[in-house]
file work.txt (compact mmCIF, C-alpha atoms and all ligand atoms)
# COMPACT_ATOMS: atom_id res chain seq x y z
CA MET A 41 -11.15 -2.66 -11.46
CA LEU A 42 -10.93 1.12 -11.68
CA GLU A 43 -13.85 2.60 -13.59
CA ILE A 44 -13.93 6.22 -14.62
CA ASN A 45 -17.27 7.26 -16.04
CA ARG A 46 -18.02 10.44 -17.97
CA LEU A 47 -15.72 12.44 -15.74
CA VAL A 48 -15.87 16.22 -16.06
CA VAL A 49 -13.21 18.31 -14.30
CA ARG A 50 -12.75 22.07 -14.16
CA TYR A 51 -10.16 24.43 -12.78
CA GLY A 52 -11.99 27.52 -11.57
CA ARG A 53 -14.85 28.51 -13.85
CA ALA A 54 -12.94 28.99 -17.04
CA VAL A 55 -10.87 25.84 -17.66
CA LEU A 56 -12.69 22.66 -18.62
CA ALA A 57 -9.83 20.14 -18.36
CA LEU A 58 -11.76 16.85 -18.73
CA ARG A 59 -14.93 16.74 -20.82
CA GLY A 60 -16.57 13.41 -20.03
CA VAL A 61 -13.76 10.86 -19.85
CA THR A 62 -14.60 7.15 -19.58
CA MET A 63 -11.82 4.69 -18.89
CA HIS A 64 -11.30 1.26 -17.27
CA VAL A 65 -8.25 -0.32 -15.67
CA ALA A 66 -8.73 -4.03 -14.98
CA ASP A 67 -7.20 -5.57 -11.83
CA ALA A 68 -3.53 -6.43 -12.30
CA SER A 69 -3.37 -4.89 -15.78
CA VAL A 70 -1.41 -1.96 -17.20
CA ALA A 71 -3.26 0.86 -18.96
CA CYS A 72 -1.54 3.89 -20.43
CA VAL A 73 -2.82 7.34 -21.27
CA LEU A 74 -1.11 9.16 -24.11
CA GLY A 75 -1.65 12.75 -25.15
CA ALA A 76 -0.01 16.04 -25.95
CA ASN A 77 0.80 18.74 -23.40
CA GLY A 78 -2.37 20.07 -21.84
CA ALA A 79 -4.54 17.13 -22.95
CA GLY A 80 -5.63 16.49 -19.36
CA LYS A 81 -3.44 13.53 -18.38
CA SER A 82 -2.25 14.91 -15.03
CA THR A 83 -5.76 16.14 -14.28
CA LEU A 84 -7.03 12.59 -14.70
CA MET A 85 -4.40 11.29 -12.26
CA ARG A 86 -5.24 14.01 -9.75
CA ALA A 87 -8.94 13.16 -9.96
CA VAL A 88 -8.23 9.48 -9.21
CA SER A 89 -5.77 10.17 -6.36
CA GLY A 90 -8.01 12.79 -4.74
CA THR A 91 -5.44 15.58 -5.12
CA LEU A 92 -7.50 17.85 -7.41
CA PRO A 93 -8.48 20.29 -4.62
CA ALA A 94 -4.78 21.03 -3.97
CA HIS A 95 -4.69 22.32 -7.57
CA ARG A 96 -8.03 24.11 -7.27
CA GLY A 97 -9.69 21.59 -9.52
CA THR A 98 -13.21 20.22 -9.04
CA ILE A 99 -15.12 17.22 -10.34
CA ASP A 100 -18.25 18.67 -11.93
CA ALA A 101 -19.84 15.44 -13.13
CA GLY A 102 -19.20 11.74 -13.58
CA SER A 103 -17.81 9.14 -11.22
CA ILE A 104 -14.72 7.16 -10.25
CA THR A 105 -15.29 3.68 -8.88
CA TRP A 106 -12.66 1.37 -7.41
CA ARG A 107 -13.51 -2.29 -6.84
CA GLY A 108 -17.21 -1.47 -6.97
CA ARG A 109 -17.16 1.49 -4.53
CA SER A 110 -17.25 5.16 -5.37
CA ILE A 111 -14.06 7.07 -4.58
CA THR A 112 -15.24 10.24 -6.33
CA GLY A 113 -14.08 13.29 -4.41
CA ARG A 114 -12.62 11.35 -1.48
CA VAL A 115 -9.52 12.63 0.32
CA PRO A 116 -6.08 11.31 -0.72
CA ALA A 117 -5.39 9.48 2.56
CA ASP A 118 -8.57 7.40 2.16
CA ILE A 119 -7.69 6.59 -1.44
CA VAL A 120 -4.18 5.45 -0.41
CA ALA A 121 -5.75 3.33 2.34
CA ASP A 122 -7.93 1.73 -0.33
CA GLY A 123 -4.82 0.69 -2.28
CA ILE A 124 -4.37 3.43 -4.91
CA VAL A 125 -1.03 5.25 -4.72
CA GLN A 126 0.25 7.97 -7.04
CA VAL A 127 3.81 8.72 -8.11
CA PRO A 128 3.38 12.37 -9.10
CA GLU A 129 4.97 14.04 -12.10
CA GLY A 130 8.36 15.46 -11.09
CA ARG A 131 8.95 12.67 -8.53
CA ARG A 132 8.59 14.92 -5.43
CA ILE A 133 11.03 12.99 -3.29
CA PHE A 134 12.33 14.57 -0.06
CA GLY A 135 15.82 15.62 -1.17
CA ARG A 136 17.21 16.34 2.31
CA LEU A 137 15.97 13.09 3.79
CA THR A 138 17.91 9.89 3.24
CA VAL A 139 16.78 7.19 0.82
CA GLU A 140 15.77 5.13 3.86
CA GLU A 141 13.67 7.95 5.33
CA ASN A 142 11.91 8.49 2.00
CA LEU A 143 11.01 4.82 1.83
CA ARG A 144 9.79 4.83 5.42
CA ALA A 145 7.58 7.81 4.65
CA GLY A 146 5.93 5.74 1.90
CA GLY A 147 5.39 2.88 4.35
CA ILE A 148 3.17 5.08 6.53
CA GLY A 149 0.37 4.42 4.01
CA ALA A 150 0.66 0.62 4.41
CA ALA A 151 -2.32 -1.16 5.95
CA ASP A 152 -0.23 -3.02 8.60
CA ARG A 153 3.28 -4.09 9.54
CA ALA A 154 3.16 -7.33 7.52
CA THR A 155 2.21 -5.38 4.38
CA ARG A 156 5.00 -2.91 5.09
CA ASN A 157 7.61 -5.65 5.58
CA ALA A 158 6.56 -7.46 2.41
CA ALA A 159 6.64 -4.15 0.51
CA ARG A 160 10.12 -3.42 1.83
CA GLU A 161 11.46 -6.76 0.59
CA ARG A 162 9.88 -6.14 -2.77
CA VAL A 163 11.41 -2.66 -3.06
CA ASP A 164 14.88 -3.90 -2.05
CA GLU A 165 14.72 -6.64 -4.69
CA LEU A 166 13.38 -4.35 -7.38
CA PHE A 167 15.86 -1.53 -6.72
CA PRO A 168 19.21 -2.85 -5.45
CA VAL A 169 20.69 0.56 -6.26
CA LEU A 170 18.53 2.11 -3.52
CA ALA A 171 19.49 -0.53 -0.96
CA ALA A 172 23.15 0.30 -1.60
CA ARG A 173 22.58 4.03 -0.99
CA ARG A 174 20.17 3.79 1.90
CA GLN A 175 21.89 6.33 4.16
CA GLN A 176 22.56 8.98 1.50
CA PRO A 177 20.44 12.10 1.09
CA ALA A 178 17.95 11.40 -1.68
CA GLY A 179 18.84 14.70 -3.35
CA LEU A 180 22.24 13.25 -4.32
CA LEU A 181 20.69 10.51 -6.46
CA SER A 182 20.63 10.86 -10.26
CA GLY A 183 17.33 11.72 -11.94
CA GLY A 184 16.74 8.07 -12.84
CA GLU A 185 17.54 6.89 -9.33
CA GLN A 186 15.19 9.50 -7.90
CA GLN A 187 12.45 8.14 -10.14
CA MET A 188 13.19 4.64 -8.83
CA LEU A 189 12.96 6.03 -5.29
CA ALA A 190 9.65 7.72 -6.04
CA ILE A 191 8.26 4.42 -7.37
CA GLY A 192 9.80 2.51 -4.44
CA ARG A 193 8.27 4.94 -1.96
CA ALA A 194 4.83 4.44 -3.54
CA LEU A 195 5.25 0.65 -3.48
CA MET A 196 6.01 0.82 0.26
CA ALA A 197 2.29 1.45 0.84
CA GLY A 198 1.52 -1.94 -0.77
CA PRO A 199 -0.77 -0.57 -3.49
CA SER A 200 -3.12 -2.61 -5.67
CA LEU A 201 -3.09 0.19 -8.25
CA LEU A 202 -0.07 2.38 -8.96
CA LEU A 203 -0.61 5.73 -10.71
CA LEU A 204 2.52 6.76 -12.60
CA ASP A 205 2.61 10.29 -14.01
CA GLU A 206 5.31 10.72 -16.69
CA PRO A 207 7.95 8.49 -15.05
CA SER A 208 10.30 8.77 -18.05
CA LEU A 209 10.27 12.58 -18.20
CA GLY A 210 13.78 13.98 -18.65
CA LEU A 211 15.53 10.61 -18.41
CA ALA A 212 18.18 9.18 -20.76
CA PRO A 213 17.02 6.38 -23.12
CA GLN A 214 18.74 3.65 -21.08
CA MET A 215 16.95 4.78 -17.94
CA VAL A 216 13.62 4.92 -19.81
CA THR A 217 14.16 1.27 -20.77
CA ARG A 218 14.84 0.46 -17.12
CA ILE A 219 11.63 2.23 -16.02
CA GLY A 220 9.76 0.11 -18.60
CA GLU A 221 11.26 -3.05 -17.08
CA VAL A 222 10.27 -1.91 -13.58
CA ILE A 223 6.66 -1.36 -14.72
CA ARG A 224 6.59 -4.86 -16.23
CA GLU A 225 7.95 -6.36 -13.02
CA VAL A 226 5.52 -4.44 -10.79
CA HIS A 227 2.71 -5.69 -12.99
CA ARG A 228 4.05 -9.26 -12.99
CA GLN A 229 3.89 -9.17 -9.20
CA GLY A 230 0.16 -8.43 -9.42
CA THR A 231 -0.13 -4.64 -9.11
CA ALA A 232 -2.24 -2.78 -11.67
CA VAL A 233 -0.69 0.34 -13.22
CA LEU A 234 -2.24 3.44 -14.75
CA LEU A 235 0.57 5.08 -16.66
CA VAL A 236 0.58 8.59 -18.11
CA GLU A 237 3.35 9.06 -20.63
CA GLN A 238 4.60 11.23 -23.45
CA ASN A 239 7.00 8.45 -24.40
CA ALA A 240 4.43 6.46 -26.37
CA SER A 241 6.97 3.88 -27.47
CA MET A 242 7.78 2.77 -23.94
CA ALA A 243 4.20 3.12 -22.70
CA LEU A 244 2.66 1.00 -25.46
CA ALA A 245 5.35 -1.67 -25.07
CA VAL A 246 4.49 -2.27 -21.39
CA SER A 247 0.69 -1.76 -21.47
CA ASP A 248 -2.29 -4.01 -22.09
CA THR A 249 -4.65 -1.20 -23.05
CA ALA A 250 -4.14 2.37 -24.16
CA TYR A 251 -6.18 5.57 -24.25
CA VAL A 252 -5.39 8.71 -26.20
CA LEU A 253 -6.57 11.97 -24.65
CA GLU A 254 -7.09 15.04 -26.80
CA VAL A 255 -8.23 18.31 -25.26
CA GLY A 256 -9.87 16.60 -22.31
CA ALA A 257 -11.61 13.78 -24.19
CA VAL A 258 -10.70 10.21 -25.16
CA SER A 259 -10.13 10.22 -28.92
CA LEU A 260 -8.84 6.67 -29.34
CA THR A 261 -8.72 3.51 -27.26
CA GLY A 262 -7.85 -0.14 -27.73
CA GLY A 263 -5.31 -2.85 -27.04
CA ALA A 264 -1.82 -1.37 -26.71
CA ALA A 265 -0.37 -3.66 -29.41
CA GLU A 266 -3.22 -2.78 -31.75
CA LEU A 267 -2.76 0.95 -31.18
CA ALA A 268 1.02 0.69 -31.59
CA ALA A 269 0.40 -0.76 -35.05
CA SER A 270 -2.15 1.86 -36.09
CA ASP A 271 -1.10 4.50 -38.61
CA ALA A 272 -2.51 7.39 -36.55
CA ILE A 273 -0.52 6.44 -33.46
CA ARG A 274 2.66 5.68 -35.37
CA ARG A 275 2.45 9.00 -37.16
CA ILE A 276 1.53 11.25 -34.24
CA TYR A 277 3.11 9.59 -31.20
CA LEU A 278 5.87 7.37 -32.53
CA GLY A 279 7.30 9.85 -35.03
CA ASP A 280 7.00 7.40 -37.94
CA SER A 281 6.99 9.46 -41.14
CA ASP A 282 6.17 6.41 -43.28
CA ALA A 283 2.79 5.97 -41.63
CA GLY A 284 0.48 7.86 -43.97
CA VAL A 285 0.62 11.65 -44.15
CA THR A 286 3.90 13.14 -42.97
CA GLY A 287 4.69 16.37 -41.22
CA VAL A 288 2.98 15.83 -37.88
CA PRO A 289 5.44 16.33 -35.04
CA GLY A 290 6.06 13.14 -33.09
CA PRO A 291 7.57 12.62 -29.63
CA ALA A 292 10.98 13.38 -31.14
CA ALA A 293 9.79 16.99 -31.44
CA ASN A 294 9.81 17.35 -27.65
CA GLY A 295 13.19 15.77 -27.22
CA GLN A 296 12.08 12.21 -26.58
CA ALA A 297 13.23 10.06 -29.43
CA PRO A 298 11.59 6.63 -29.67
CA ASP A 299 13.87 4.34 -27.71
CA GLY A 300 13.79 1.35 -30.02
CA HIS A 301 11.59 -0.80 -27.75
CA ALA A 302 9.85 -3.63 -29.55
CA LEU A 303 6.28 -2.52 -30.11
CA ASP A 304 4.72 -5.94 -29.80
CA GLY A 305 2.84 -5.09 -26.60
CA GLY A 306 3.98 -8.54 -25.49
CA ARG A 307 3.94 -9.47 -21.84
CA PRO A 308 7.07 -10.80 -20.17
P1 LIG A 401 1.33 18.05 -19.50
O1 LIG A 401 1.81 16.84 -20.19
O2 LIG A 401 1.81 19.33 -20.08
O3 LIG A 401 1.48 17.99 -17.99
P2 LIG A 401 -1.44 17.20 -19.28
O4 LIG A 401 -1.97 16.37 -20.38
O5 LIG A 401 -1.03 16.51 -18.03
O6 LIG A 401 -0.25 18.10 -19.81
P3 LIG A 401 -3.06 18.85 -17.56
O7 LIG A 401 -1.89 19.32 -16.76
O8 LIG A 401 -3.99 17.88 -16.96
O9 LIG A 401 -2.57 18.26 -18.97
O10 LIG A 401 -3.85 20.14 -18.04
C1 LIG A 401 -5.12 20.09 -18.69
C2 LIG A 401 -5.66 21.50 -18.83
O11 LIG A 401 -5.94 22.05 -17.55
C3 LIG A 401 -4.67 22.45 -19.50
O12 LIG A 401 -5.41 23.36 -20.28
C4 LIG A 401 -4.03 23.16 -18.33
O13 LIG A 401 -3.59 24.44 -18.68
C5 LIG A 401 -5.17 23.23 -17.32
N1 LIG A 401 -4.69 23.20 -15.93
C6 LIG A 401 -3.93 22.24 -15.36
N2 LIG A 401 -3.71 22.52 -14.05
C7 LIG A 401 -4.36 23.68 -13.79
C8 LIG A 401 -4.51 24.49 -12.62
N3 LIG A 401 -3.99 24.13 -11.45
N4 LIG A 401 -5.24 25.63 -12.75
C9 LIG A 401 -5.80 25.99 -13.93
N5 LIG A 401 -5.69 25.27 -15.07
C10 LIG A 401 -4.97 24.12 -15.01
call {"tool": "encode", "arguments": {"input": "work.txt", "output": "structure tokens"}}
result
Amino acid sequence: MLEINRLVVRYGRAVLALRGVTMHVADASVACVLGANGAGKSTLMRAVSGTLPAHRGTIDAGSITWRGRSITGRVPADIVADGIVQVPEGRRIFGRLTVEENLRAGGIGAADRATRNAARERVDELFPVLAARRQQPAGLLSGGEQQMLAIGRALMAGPSLLLLDEPSLGLAPQMVTRIGEVIREVHRQGTAVLLVEQNASMALAVSDTAYVLEVGAVSLTGGAAELAASDAIRRIYLGDSDAGVTGVPGPAANGQAPDGHALDGGRP
């Protein structure tokens, strides 16, 4: 279980990005974090993965606990070794390296060779498209394939918790659906996922629990299916103009139309 308690994060002195966030991700579950631009979603991911200092951010108060032990303020390599691996926003694959080399780089974080071999089999099964293009420079892959590679690279470390920051960003609806399927499959295989998304439709369809962040604080939380059915979520994040008061811009306003996923929150 990942437990985030009353976390306060600042950038420099002026920007208070998280104002006391409390959140739980149970083992082998999927939790999503929804929120507008600037709500603090990436900051939350950075705090968990230990990458805040690289962005000049600091944890001012609160704690992050993983499986009963504090990981607050620890360095990224230690956090990876403990089983938490982040797929950063924007994918950050090595474009000049081959697909194979990118995957191998991810395997460096694996605890041992057996873990690495098992992870490799899993990645090959999950992403046959990558296996077929193993020797090609990763920069030649499409945006969706690069996202698959970024997820595959993270899985090579054999994580128990995968942090996914906006995996659907900039992808065509079909590819967003595929990313949703991948998240379900990763979860089915026993890996917990903390998913940050602007595509609320996809996120709620694959998650067990959901949190809504507004200006650095949790404004709403609950079961994903329950939230998907709530008027506030349908109106603000799913672009449903029939849900109460109209006129609030939904995800369609930033170019991400709801993709027609069933919003039953049902597990595979
Ligand atoms: P987006 O979806 O646009 O990425 P977000 O919900 O991930 O938004 P964050 O990127 O976490 O939000 O930003 C939260 C707040 O912290 C914003 O006010 C943002 O301007 C600020 N912020 C983020 N990174 C930095 C940084 N490196 N230095 C200073 N302020 C930052």
call {"tool": "residues_near_point", "arguments": {"input": "work.txt", "point": "(2.1, -0.9, -9.6)", "cutoff": "7 Å", "atoms": "all atoms listed in the file", "output": "PyMOL selection string"}}
result
chain A and resi 199-202+223+226-227+231-233
call {"tool": "closest_residue", "arguments": {"input": "work.txt", "among": "A:Val48, A:Met242, A:Val216, A:Ile191", "to": "Gly130 of chain A", "atoms": "all atoms listed in the file"}}
result
A:Ile191
call {"tool": "residues_around", "arguments": {"input": "work.txt", "residues": "Glu254 of chain A", "least_positions_apart": "4", "cutoff": "8 Å", "atoms": "all atoms listed in the file", "output": "number ranges by chain"}}
result
A: 75-76, 79-80, 258-259
call {"tool": "write_last_selection", "arguments": {"input": "work.txt", "atoms": "C-alpha atoms", "output": "compact mmCIF listing (two decimals), in the frame of the given file"}}
result
# COMPACT_ATOMS: atom_id res chain seq x y z
CA GLY A 75 -1.65 12.75 -25.15
CA ALA A 76 -0.01 16.04 -25.95
CA ALA A 79 -4.54 17.13 -22.95
CA GLY A 80 -5.63 16.49 -19.36
CA VAL A 258 -10.70 10.21 -25.16
CA SER A 259 -10.13 10.22 -28.92
call {"tool": "residues_near_ligand", "arguments": {"input": "work.txt", "ligand": "ligand LIG 401 (chain A)", "cutoff": "7 Å", "atoms": "only C-alpha atoms and all ligand atoms", "output": "list in words"}}
result
Tyr51, Gly52, Val55, Leu56, Ala57, Gly75, Ala76, Asn77, Gly78, Ala79, Gly80, Lys81, Ser82, Thr83, Leu84, His95, Arg96, Gly97 and Gly256 of chain A
call {"tool": "residues_near_point", "arguments": {"input": "work.txt", "point": "(-10.8, 11.3, -6.7)", "cutoff": "10 Å", "atoms": "all atoms listed in the file", "output": "CSV table (one decimal) with C-alpha atoms, in the frame of the given file"}}
result
chain,number,residue,atom,x,y,z
A,44,ILE,CA,-13.9,6.2,-14.6
A,84,LEU,CA,-7.0,12.6,-14.7
A,85,MET,CA,-4.4,11.3,-12.3
A,86,ARG,CA,-5.2,14.0,-9.8
A,87,ALA,CA,-8.9,13.2,-10.0
A,88,VAL,CA,-8.2,9.5,-9.2
A,89,SER,CA,-5.8,10.2,-6.4
A,90,GLY,CA,-8.0,12.8,-4.7
A,91,THR,CA,-5.4,15.6,-5.1
A,92,LEU,CA,-7.5,17.8,-7.4
A,93,PRO,CA,-8.5,20.3,-4.6
A,98,THR,CA,-13.2,20.2,-9.0
A,99,ILE,CA,-15.1,17.2,-10.3
A,103,SER,CA,-17.8,9.1,-11.2
A,104,ILE,CA,-14.7,7.2,-10.2
A,105,THR,CA,-15.3,3.7,-8.9
A,110,SER,CA,-17.2,5.2,-5.4
A,111,ILE,CA,-14.1,7.1,-4.6
A,112,THR,CA,-15.2,10.2,-6.3
A,113,GLY,CA,-14.1,13.3,-4.4
A,114,ARG,CA,-12.6,11.4,-1.5
A,115,VAL,CA,-9.5,12.6,0.3
A,116,PRO,CA,-6.1,11.3,-0.7
A,118,ASP,CA,-8.6,7.4,2.2
A,119,ILE,CA,-7.7,6.6,-1.4
call {"tool": "closest_residue", "arguments": {"input": "work.txt", "among": "A:Met196, A:Leu166, A:Met41, A:Trp106", "to": "Arg228 of chain A", "atoms": "all atoms listed in the file"}}
result
A:Leu166
